[in-house]
Amino acid sequence: MKVLVLNCGSSSLKYQLIDMNNEEVLCKGLVERIGIEGSILKHEKPGLEGKHIVEEAMNDHKDAIKHVLNAVADAKVGAVKDMKEIDAVGHRIVHGGEKFASSAVLTDEVIKAIEDCSALAPLHNPANLMGVEACQTILPGVVQVGVFDTAFHQTMPEKTFLYGLPHELYTKYGIRRYGFHGTSHMYVTQRAAEMLGKAPEDLKIITCHLGNGASIAAVDHGKCLDTSMGLTPLEGLIMGTRCGDIDPAIIPFIMNKEGLDADGVDKLMNKQSGVYGMTGISSDFRDIEDAAKEGNKLAINALDAYVQRVKKYIGAYAAEMNGVDAIVFTAGLGENGIGMRADICKDMEYLGVSLDAEKNDVRGKDRVISTDDSKVKVLLIPTNEELMIARDTLRLAK
Ligand code: AMP
C-alpha cells in the first residue's frame with residue numbers, strides 16, 4: 001500500500017510518498033510560493049541525482065497538487081507508473097481542538113469539525129483544508145485521513161490544560177491549553193520505548209522537540225500529562241522567533257508604549273522575538289552559536305536563556321510525574337545541537353542524568369547518549385512526523 005503524506009501551509013506544501021510494506025520513502029518534495037509569482041516545486045527521489053525542479057505558475061493548492069502528482073507519476077523522476085497506485089492520502093492538520101484525540105478519516109462531518117476549529121488556528125487549519133479539498137477533486141475515491149498536531153495532548157487532564165482565567169472564557173471560546181507537535185512527541189515516545197526494550201506504558205518520558213518551533217512534553221506511562229505549548233504555539237520555551245512564556249502584563253504595556261494594536265503585538269511576539277529578537281542576529285541557532293563563539297554578549301545570553309528554560313521545564317515535568325526514566329531530544333536543534341544537549345544535561349546529577357560526551361558527539365541518529373550507569377536514560381531520536389502520519393493513514397484506510 002502506498003500513502004501520500006501532505007503538509008499544506010498557506011503558500012507552501014511538503015509531501016512524501018511512502019511504501020507502507022517496508023515504510024520506505026519513494027519520493028518527496030516541497031512546493032513554495034503557491035498563489036504567488038515564482039511558484040516552484042522541488043522533487044527528490046532516492047537514487048536521483050540532484051532535485052527535479054518545476055517552475056510554473058501554481059495559482060492554488062489544486063494546481064500545486066496536480067504538479068506534485070505529475071512528478072510522483074513521472075516516467076523519469078517519479079516513483080509510481082500511475083497516480084492510481086496511491087491508495088490513501090494522510091494530511092497533517094494543525095488544530096483538532098477538543099474534538100479529535102486521534103486521527104480521523106476525512107468525511108464531510110470531520111471536515112466541518114476541522115473548520116469549526118479554525119478560529120483557534122486561523123493561519124493553519126484553512127491552509128490544511130485547501131489541500132484536502134484539492135485532493136478530493138484530483139483523487140476522487142481515495143481515502144483521506146487527517147492527523148492532528150494537537151491529538152496526542154488530548155490526554156492532558158483539566159489541572160494541566162485550564163488557565164487561571166475566568167471559566168466562561170473556556171466554555172465560550174475554548175481558551176485552554178492544547179499543545180502542538182503532538183505527532184512528533186508521540187513518534188519519539190514510541191521509538192524511545194522501543195530502543196529501551198520497554199512499553200511506553202512502563203515509562204515516564206520527557207520529550208524535547210527543539211526546532212525552530214520548540215516544545216517539551218511530559219509523557220507519563222504513554223500518555224501526555226503536560227506540554228509547554230498552550231492555546232497557540234507561542235507558549236513555553238524561547239524559540240527561533242517566538243518569545244515563549246512571558247508575563248502577560250507585558251502585552252498591554254508594550255501596546256501602550258509602542259502604539260501597537262493586537263495584530264502588531266501578535267507579530268512582535270511570534271515573528272520578532274525568540275533568539276532572533278534577543279540577538280538581532282538570526283533565528284537559526286547555528287548563527288547564534290557562531291556569534292557566541294566570537295564573544296557576542298547578546299548571543300551568549302540568548303543561548304544561556306534558552307538552555308535555562310529547557311532545564312526549567314525538565315525539572316518541572318520530573319516533579320509533575322514524580323520522576324523520569326528517559327529524556328529524548330529531537331527536531332533540528334535537538335538532533336544536531338551537540339553542545340546544546342550537553343549544556344541542557346549539565347548539572348542534572350540531582351535527577352540522575354549523566355550524559356556520555358562521546359556518545360553525544362553525533363548528529364541525526366537514533367542513539368542512547370547517556371552513560372551506561374545513568375539512572376535517567378538520555379536519547380537522541382530524529383523525529384519522523386511523516387511516517388507517523390502514514391502509519392495512522394494506513395491503519396484507518398484499512
Ligand atoms: P526544525 O524546525 O526542526 O527544522 O529545526 C530547525 C532549526 O534547527 C534551525 O533553525 C537551527 O537553529 C537548528 N539546527 C539545525 N542544524 C543545526 C546544527 N547543526 N547545530 C545547531 N542547530 C541546528
# chains A, B, ... in the order shown; residues from 1 in each chain; ligands from 1

call {"tool": "residues_near_ligand", "arguments": {"ligand": "ligand 1", "cutoff": "8 Å", "atoms": "only C-alpha atoms and all ligand atoms", "output": "ChimeraX atom specification"}}
result
/A:209-214,240,283-287,289,330-338,340,363

call {"tool": "select_by_dssp", "arguments": {"residues": "range 211-395 of chain A", "states": "helix (DSSP H, G or I)", "output": "PyMOL selection string"}}
result
chain A and resi 250-258+262-271+274-279+285-293+297-321+331-336+338-345+349-351+357-360+385-395

call {"tool": "select_by_dssp", "arguments": {"residues": "range 185-257 of chain A", "states": "strand (DSSP E or B)", "output": "list in words"}}
result
Lys204, Ile205, Ile206, Thr207, Cys208, His209, Leu210, Ala214, Ser215, Ile216, Ala217, Ala218, Val219, Asp220, Lys223, Cys224, Leu225, Asp226 and Thr227 of chain A

call {"tool": "write_last_selection", "arguments": {"atoms": "all heavy atoms", "output": "short mmCIF file (atom, residue, chain, number, x, y, z; two decimals), in the first residue's frame"}}
result
data_model
loop_
_atom_site.label_atom_id
_atom_site.label_comp_id
_atom_site.auth_asym_id
_atom_site.auth_seq_id
_atom_site.Cartn_x
_atom_site.Cartn_y
_atom_site.Cartn_z
N LYS A 204 8.23 6.83 32.23
CA LYS A 204 7.96 8.26 32.35
C LYS A 204 9.00 8.96 31.48
O LYS A 204 10.20 8.86 31.75
CB LYS A 204 8.14 8.72 33.80
CG LYS A 204 7.17 8.07 34.78
CD LYS A 204 7.54 8.49 36.19
CE LYS A 204 6.76 7.68 37.21
NZ LYS A 204 7.10 8.02 38.59
N ILE A 205 8.53 9.64 30.42
CA ILE A 205 9.46 10.20 29.44
C ILE A 205 9.24 11.71 29.29
O ILE A 205 8.10 12.17 29.27
CB ILE A 205 9.28 9.53 28.06
CG1 ILE A 205 9.37 8.00 28.18
CG2 ILE A 205 10.30 10.03 27.05
CD1 ILE A 205 9.23 7.25 26.85
N ILE A 206 10.33 12.45 29.19
CA ILE A 206 10.24 13.88 28.83
C ILE A 206 10.79 14.01 27.41
O ILE A 206 11.94 13.66 27.15
CB ILE A 206 11.02 14.76 29.82
CG1 ILE A 206 10.41 14.64 31.23
CG2 ILE A 206 11.02 16.22 29.36
CD1 ILE A 206 11.17 15.33 32.32
N THR A 207 9.92 14.47 26.49
CA THR A 207 10.33 14.58 25.09
C THR A 207 10.57 16.06 24.76
O THR A 207 9.70 16.89 24.98
CB THR A 207 9.25 13.99 24.16
OG1 THR A 207 7.98 14.53 24.52
CG2 THR A 207 9.17 12.48 24.29
N CYS A 208 11.76 16.36 24.24
CA CYS A 208 12.14 17.74 23.93
C CYS A 208 12.21 17.90 22.42
O CYS A 208 13.16 17.42 21.79
CB CYS A 208 13.50 18.08 24.52
SG CYS A 208 13.66 17.70 26.27
N HIS A 209 11.20 18.53 21.83
CA HIS A 209 11.19 18.81 20.38
C HIS A 209 11.76 20.22 20.22
O HIS A 209 11.06 21.21 20.43
CB HIS A 209 9.75 18.71 19.85
CG HIS A 209 9.61 19.04 18.40
ND1 HIS A 209 9.33 18.09 17.43
CD2 HIS A 209 9.73 20.21 17.73
CE1 HIS A 209 9.29 18.67 16.26
NE2 HIS A 209 9.52 19.96 16.40
N LEU A 210 13.05 20.29 19.88
CA LEU A 210 13.73 21.59 19.82
C LEU A 210 14.07 21.92 18.37
O LEU A 210 15.11 21.52 17.85
CB LEU A 210 15.00 21.57 20.67
CG LEU A 210 14.86 21.04 22.11
CD1 LEU A 210 16.20 21.06 22.84
CD2 LEU A 210 13.82 21.84 22.89
N ALA A 214 9.56 25.14 19.24
CA ALA A 214 10.06 24.16 20.21
C ALA A 214 9.03 23.89 21.30
O ALA A 214 8.32 24.81 21.72
CB ALA A 214 11.35 24.67 20.85
N SER A 215 8.91 22.63 21.69
CA SER A 215 8.02 22.30 22.80
C SER A 215 8.54 21.07 23.54
O SER A 215 9.29 20.27 22.97
CB SER A 215 6.59 22.07 22.32
OG SER A 215 6.50 20.92 21.52
N ILE A 216 8.13 20.95 24.79
CA ILE A 216 8.52 19.82 25.63
C ILE A 216 7.24 19.14 26.10
O ILE A 216 6.22 19.82 26.31
CB ILE A 216 9.33 20.29 26.85
CG1 ILE A 216 10.59 21.03 26.38
CG2 ILE A 216 9.72 19.15 27.73
CD1 ILE A 216 11.68 21.10 27.39
N ALA A 217 7.28 17.82 26.27
CA ALA A 217 6.10 17.14 26.80
C ALA A 217 6.50 16.17 27.90
O ALA A 217 7.58 15.57 27.86
CB ALA A 217 5.38 16.39 25.68
N ALA A 218 5.61 16.06 28.89
CA ALA A 218 5.76 15.05 29.94
C ALA A 218 4.84 13.91 29.57
O ALA A 218 3.62 14.07 29.56
CB ALA A 218 5.35 15.65 31.29
N VAL A 219 5.43 12.77 29.21
CA VAL A 219 4.63 11.63 28.76
C VAL A 219 4.67 10.57 29.87
O VAL A 219 5.67 9.88 30.06
CB VAL A 219 5.15 11.07 27.42
CG1 VAL A 219 4.18 10.00 26.90
CG2 VAL A 219 5.29 12.19 26.39
N ASP A 220 3.58 10.49 30.60
CA ASP A 220 3.51 9.65 31.80
C ASP A 220 2.83 8.33 31.46
O ASP A 220 1.64 8.31 31.17
CB ASP A 220 2.69 10.42 32.86
CG ASP A 220 2.83 9.81 34.23
OD1 ASP A 220 3.58 8.83 34.39
OD2 ASP A 220 2.16 10.32 35.15
N LYS A 223 1.00 8.40 28.14
CA LYS A 223 0.01 9.45 27.87
C LYS A 223 0.58 10.82 28.19
O LYS A 223 1.26 10.99 29.21
CB LYS A 223 -1.22 9.23 28.76
CG LYS A 223 -2.05 8.06 28.29
CD LYS A 223 -3.33 8.01 29.06
CE LYS A 223 -4.18 6.87 28.53
NZ LYS A 223 -5.15 6.40 29.49
N CYS A 224 0.24 11.80 27.34
CA CYS A 224 0.73 13.14 27.61
C CYS A 224 0.05 13.71 28.86
O CYS A 224 -1.18 13.77 28.94
CB CYS A 224 0.46 14.05 26.41
SG CYS A 224 1.01 15.73 26.75
N LEU A 225 0.87 14.11 29.83
CA LEU A 225 0.35 14.71 31.06
C LEU A 225 0.45 16.23 30.97
O LEU A 225 -0.39 16.95 31.51
CB LEU A 225 1.17 14.20 32.26
CG LEU A 225 0.93 14.90 33.59
CD1 LEU A 225 -0.48 14.58 34.12
CD2 LEU A 225 1.97 14.48 34.62
N ASP A 226 1.50 16.72 30.28
CA ASP A 226 1.68 18.16 30.19
C ASP A 226 2.57 18.46 28.98
O ASP A 226 3.37 17.62 28.57
CB ASP A 226 2.35 18.70 31.46
CG ASP A 226 2.08 20.19 31.67
OD1 ASP A 226 1.53 20.83 30.76
OD2 ASP A 226 2.41 20.70 32.75
N THR A 227 2.41 19.65 28.45
CA THR A 227 3.28 20.08 27.35
C THR A 227 3.40 21.60 27.40
O THR A 227 2.54 22.27 27.96
CB THR A 227 2.76 19.57 25.98
OG1 THR A 227 3.77 19.83 25.00
CG2 THR A 227 1.46 20.24 25.56
#

call {"tool": "residues_around", "arguments": {"residues": "Leu106 in chain A", "least_positions_apart": "6", "cutoff": "7 Å", "atoms": "only C-alpha atoms", "output": "list in words"}}
result
Gln144, Val145 and Gly146 of chain A

call {"tool": "write_last_selection", "arguments": {"atoms": "N, CA and C atoms", "output": "PDB file, in the first residue's frame"}}
result
ATOM      1  N   GLN A 144      -8.911   9.654   2.500  1.00  0.00           N
ATOM      2  CA  GLN A 144      -8.091  10.737   3.047  1.00  0.00           C
ATOM      3  C   GLN A 144      -8.238  10.760   4.565  1.00  0.00           C
ATOM      4  N   VAL A 145      -7.100  10.935   5.224  1.00  0.00           N
ATOM      5  CA  VAL A 145      -7.081  10.865   6.688  1.00  0.00           C
ATOM      6  C   VAL A 145      -6.452  12.142   7.241  1.00  0.00           C
ATOM      7  N   GLY A 146      -6.987  12.656   8.324  1.00  0.00           N
ATOM      8  CA  GLY A 146      -6.412  13.821   8.991  1.00  0.00           C
ATOM      9  C   GLY A 146      -5.685  13.373  10.256  1.00  0.00           C
TER      10      GLY A 146
END

call {"tool": "closest_residue", "arguments": {"among": "A:Tyr163, A:Tyr170, A:Phe152, A:Tyr187", "to": "Gly96 in chain A", "atoms": "only C-alpha atoms"}}
result
A:Phe152

call {"tool": "closest_residue", "arguments": {"among": "A:Pro233, A:Gly197, A:Gly264, A:Gly141", "to": "Gly182 in chain A", "atoms": "only C-alpha atoms"}}
result
A:Pro233

call {"tool": "residues_around", "arguments": {"residues": "Ser12 in chain A", "least_positions_apart": "3", "cutoff": "9 Å", "atoms": "only C-alpha atoms", "output": "list in words"}}
result
Asn7, Cys8, Gly9, Leu30, Val31, Glu32, Arg33, Ile34, His61 and Ala64 of chain A

call {"tool": "write_last_selection", "arguments": {"atoms": "N, CA, C and O atoms", "output": "compact mmCIF listing (two decimals), in the first residue's frame"}}
result
# COMPACT_ATOMS: atom_id res chain seq x y z
N ASN A 7 1.58 17.99 3.86
CA ASN A 7 1.61 19.00 4.93
C ASN A 7 1.45 20.35 4.24
O ASN A 7 2.41 20.89 3.68
N CYS A 8 0.20 20.86 4.20
CA CYS A 8 -0.09 22.07 3.44
C CYS A 8 -0.07 23.32 4.31
O CYS A 8 -0.79 23.40 5.31
N GLY A 9 0.74 24.29 3.93
CA GLY A 9 0.70 25.62 4.54
C GLY A 9 -0.06 26.55 3.62
O GLY A 9 -0.58 26.11 2.58
N LEU A 30 8.82 19.55 -2.09
CA LEU A 30 8.33 20.77 -1.49
C LEU A 30 7.85 21.72 -2.60
O LEU A 30 8.53 21.85 -3.62
N VAL A 31 6.68 22.31 -2.41
CA VAL A 31 6.22 23.37 -3.32
C VAL A 31 6.19 24.67 -2.54
O VAL A 31 5.67 24.71 -1.41
N GLU A 32 6.75 25.72 -3.11
CA GLU A 32 6.74 27.02 -2.45
C GLU A 32 6.10 28.06 -3.36
O GLU A 32 6.03 27.88 -4.56
N ARG A 33 5.64 29.13 -2.74
CA ARG A 33 5.06 30.27 -3.45
C ARG A 33 3.80 29.88 -4.23
O ARG A 33 3.62 30.30 -5.38
N ILE A 34 2.93 29.08 -3.59
CA ILE A 34 1.64 28.75 -4.22
C ILE A 34 0.80 30.03 -4.21
O ILE A 34 0.65 30.68 -3.17
N HIS A 61 -3.80 25.51 -4.38
CA HIS A 61 -3.32 24.21 -3.92
C HIS A 61 -3.66 23.09 -4.91
O HIS A 61 -2.92 22.12 -5.01
N ALA A 64 -1.00 23.12 -7.45
CA ALA A 64 0.25 22.61 -6.86
C ALA A 64 0.19 21.09 -6.73
O ALA A 64 1.15 20.39 -7.09

call {"tool": "closest_residue", "arguments": {"among": "A:Asn70, A:Thr232, A:Thr107, A:Ser184", "to": "Gln136 in chain A", "atoms": "only C-alpha atoms"}}
result
A:Thr107

call {"tool": "closest_atom_pairs", "arguments": {"of": "range 152-269 of chain A", "to": "range 371-392 of chain A", "cutoff": "9 Å", "atoms": "only C-alpha atoms", "output": "Markdown table"}}
result
| residue | atom | partner | partner_atom | distance |
| --- | --- | --- | --- | --- |
| A:His181 | CA | A:Glu385 | CA | 8.8 |
| A:Thr183 | CA | A:Glu385 | CA | 5.7 |
| A:Ser184 | CA | A:Glu385 | CA | 5.4 |
| A:His185 | CA | A:Thr383 | CA | 8.3 |
| A:Met186 | CA | A:Met388 | CA | 8.3 |
| A:Tyr187 | CA | A:Met388 | CA | 6.4 |
| A:Val188 | CA | A:Thr383 | CA | 6.3 |
| A:Arg191 | CA | A:Ile381 | CA | 7.6 |
| A:Ala192 | CA | A:Leu379 | CA | 7.1 |
| A:Met195 | CA | A:Leu379 | CA | 8.9 |
| A:Leu196 | CA | A:Lys377 | CA | 8.7 |
| A:His209 | CA | A:Thr383 | CA | 8.4 |

call {"tool": "residues_around", "arguments": {"residues": "Phe100 in chain A", "least_positions_apart": "2", "cutoff": "9 Å", "atoms": "only C-alpha atoms", "output": "ChimeraX atom specification"}}
result
/A:95-98,102-104,148,150-151,154

call {"tool": "closest_residue", "arguments": {"among": "A:His221, A:Lys311, A:Lys14, A:Lys81", "to": "Gly131 in chain A", "atoms": "only C-alpha atoms"}}
result
A:Lys14

call {"tool": "residues_around", "arguments": {"residues": "Ile288 in chain A", "least_positions_apart": "2", "cutoff": "12 Å", "atoms": "only C-alpha atoms", "output": "ChimeraX atom specification"}}
result
/A:240,274-286,290-304,306,337,340

call {"tool": "atom_distance", "arguments": {"atom1": "CA of Ile238 in chain A", "atom2": "CA of Asn125 in chain A"}}
result
24.0 Å

call {"tool": "atom_distance", "arguments": {"atom1": "CA of Val25 in chain A", "atom2": "CA of Glu49 in chain A"}}
result
15.9 Å

call {"tool": "atom_distance", "arguments": {"atom1": "CA of Gly179 in chain A", "atom2": "CA of Arg309 in chain A"}}
result
17.1 Å

call {"tool": "decode", "arguments": {"residues": "range 46-58 of chain A", "atoms": "all heavy atoms", "output": "JSON list (two decimals), in the first residue's frame"}}
result
[["chain", "number", "residue", "atom", "x", "y", "z"],
["A", 46, "PRO", "N", 15.13, 8.95, -4.01],
["A", 46, "PRO", "CA", 16.39, 8.27, -3.71],
["A", 46, "PRO", "C", 17.02, 7.73, -5.00],
["A", 46, "PRO", "O", 16.31, 7.14, -5.82],
["A", 46, "PRO", "CB", 15.97, 7.12, -2.78],
["A", 46, "PRO", "CG", 14.64, 7.52, -2.24],
["A", 46, "PRO", "CD", 14.00, 8.39, -3.25],
["A", 47, "GLY", "N", 18.28, 7.98, -5.17],
["A", 47, "GLY", "CA", 18.97, 7.50, -6.38],
["A", 47, "GLY", "C", 18.99, 8.52, -7.50],
["A", 47, "GLY", "O", 19.80, 8.43, -8.41],
["A", 48, "LEU", "N", 18.09, 9.49, -7.42],
["A", 48, "LEU", "CA", 18.02, 10.53, -8.46],
["A", 48, "LEU", "C", 19.03, 11.62, -8.10],
["A", 48, "LEU", "O", 19.01, 12.14, -6.99],
["A", 48, "LEU", "CB", 16.60, 11.13, -8.49],
["A", 48, "LEU", "CG", 16.31, 12.18, -9.54],
["A", 48, "LEU", "CD1", 16.10, 11.51, -10.91],
["A", 48, "LEU", "CD2", 15.03, 12.95, -9.17],
["A", 49, "GLU", "N", 19.90, 11.92, -9.05],
["A", 49, "GLU", "CA", 20.93, 12.93, -8.75],
["A", 49, "GLU", "C", 20.31, 14.33, -8.74],
["A", 49, "GLU", "O", 19.61, 14.69, -9.69],
["A", 49, "GLU", "CB", 22.04, 12.85, -9.79],
["A", 49, "GLU", "CG", 23.37, 13.32, -9.21],
["A", 49, "GLU", "CD", 24.50, 13.07, -10.19],
["A", 49, "GLU", "OE1", 24.73, 11.89, -10.53],
["A", 49, "GLU", "OE2", 25.10, 14.06, -10.62],
["A", 50, "GLY", "N", 20.55, 15.08, -7.73],
["A", 50, "GLY", "CA", 20.02, 16.44, -7.63],
["A", 50, "GLY", "C", 18.50, 16.45, -7.48],
["A", 50, "GLY", "O", 17.88, 15.41, -7.24],
["A", 51, "LYS", "N", 17.93, 17.64, -7.63],
["A", 51, "LYS", "CA", 16.48, 17.77, -7.48],
["A", 51, "LYS", "C", 15.84, 18.05, -8.83],
["A", 51, "LYS", "O", 16.43, 18.74, -9.66],
["A", 51, "LYS", "CB", 16.17, 18.92, -6.52],
["A", 51, "LYS", "CG", 16.47, 18.57, -5.09],
["A", 51, "LYS", "CD", 16.07, 19.67, -4.14],
["A", 51, "LYS", "CE", 16.49, 19.28, -2.73],
["A", 51, "LYS", "NZ", 16.35, 20.33, -1.76],
["A", 52, "HIS", "N", 14.63, 17.52, -9.02],
["A", 52, "HIS", "CA", 13.84, 17.83, -10.21],
["A", 52, "HIS", "C", 13.05, 19.09, -9.88],
["A", 52, "HIS", "O", 12.29, 19.12, -8.91],
["A", 52, "HIS", "CB", 12.93, 16.63, -10.50],
["A", 52, "HIS", "CG", 11.88, 16.90, -11.53],
["A", 52, "HIS", "ND1", 12.19, 17.13, -12.85],
["A", 52, "HIS", "CD2", 10.53, 16.98, -11.43],
["A", 52, "HIS", "CE1", 11.06, 17.34, -13.52],
["A", 52, "HIS", "NE2", 10.05, 17.26, -12.68],
["A", 53, "ILE", "N", 13.26, 20.13, -10.67],
["A", 53, "ILE", "CA", 12.63, 21.43, -10.37],
["A", 53, "ILE", "C", 11.55, 21.75, -11.41],
["A", 53, "ILE", "O", 11.78, 21.61, -12.62],
["A", 53, "ILE", "CB", 13.69, 22.57, -10.41],
["A", 53, "ILE", "CG1", 14.90, 22.25, -9.51],
["A", 53, "ILE", "CG2", 13.08, 23.93, -10.07],
["A", 53, "ILE", "CD1", 14.68, 22.39, -8.04],
["A", 54, "VAL", "N", 10.38, 22.17, -10.94],
["A", 54, "VAL", "CA", 9.33, 22.64, -11.85],
["A", 54, "VAL", "C", 9.02, 24.09, -11.49],
["A", 54, "VAL", "O", 8.66, 24.38, -10.35],
["A", 54, "VAL", "CB", 8.03, 21.78, -11.68],
["A", 54, "VAL", "CG1", 6.93, 22.31, -12.60],
["A", 54, "VAL", "CG2", 8.31, 20.31, -11.96],
["A", 55, "GLU", "N", 9.21, 24.98, -12.47],
["A", 55, "GLU", "CA", 8.90, 26.40, -12.22],
["A", 55, "GLU", "C", 7.77, 26.81, -13.16],
["A", 55, "GLU", "O", 8.01, 27.18, -14.30],
["A", 55, "GLU", "CB", 10.15, 27.26, -12.45],
["A", 55, "GLU", "CG", 11.15, 27.12, -11.31],
["A", 55, "GLU", "CD", 12.41, 27.91, -11.54],
["A", 55, "GLU", "OE1", 13.22, 27.47, -12.38],
["A", 55, "GLU", "OE2", 12.59, 28.95, -10.89],
["A", 56, "GLU", "N", 6.56, 26.65, -12.68],
["A", 56, "GLU", "CA", 5.37, 27.02, -13.46],
["A", 56, "GLU", "C", 4.38, 27.69, -12.54],
["A", 56, "GLU", "O", 4.38, 27.41, -11.33],
["A", 56, "GLU", "CB", 4.73, 25.76, -14.05],
["A", 56, "GLU", "CG", 5.31, 25.38, -15.40],
["A", 56, "GLU", "CD", 4.58, 24.20, -16.01],
["A", 56, "GLU", "OE1", 3.35, 24.25, -16.09],
["A", 56, "GLU", "OE2", 5.27, 23.23, -16.35],
["A", 57, "ALA", "N", 3.52, 28.52, -13.10],
["A", 57, "ALA", "CA", 2.53, 29.20, -12.25],
["A", 57, "ALA", "C", 1.65, 28.16, -11.55],
["A", 57, "ALA", "O", 1.16, 27.22, -12.19],
["A", 57, "ALA", "CB", 1.68, 30.12, -13.10],
["A", 58, "MET", "N", 1.53, 28.29, -10.24],
["A", 58, "MET", "CA", 0.61, 27.43, -9.47],
["A", 58, "MET", "C", -0.28, 28.37, -8.68],
["A", 58, "MET", "O", 0.13, 28.94, -7.68],
["A", 58, "MET", "CB", 1.40, 26.48, -8.57],
["A", 58, "MET", "CG", 2.31, 25.53, -9.36],
["A", 58, "MET", "SD", 3.21, 24.38, -8.36],
["A", 58, "MET", "CE", 4.78, 24.30, -9.22]]
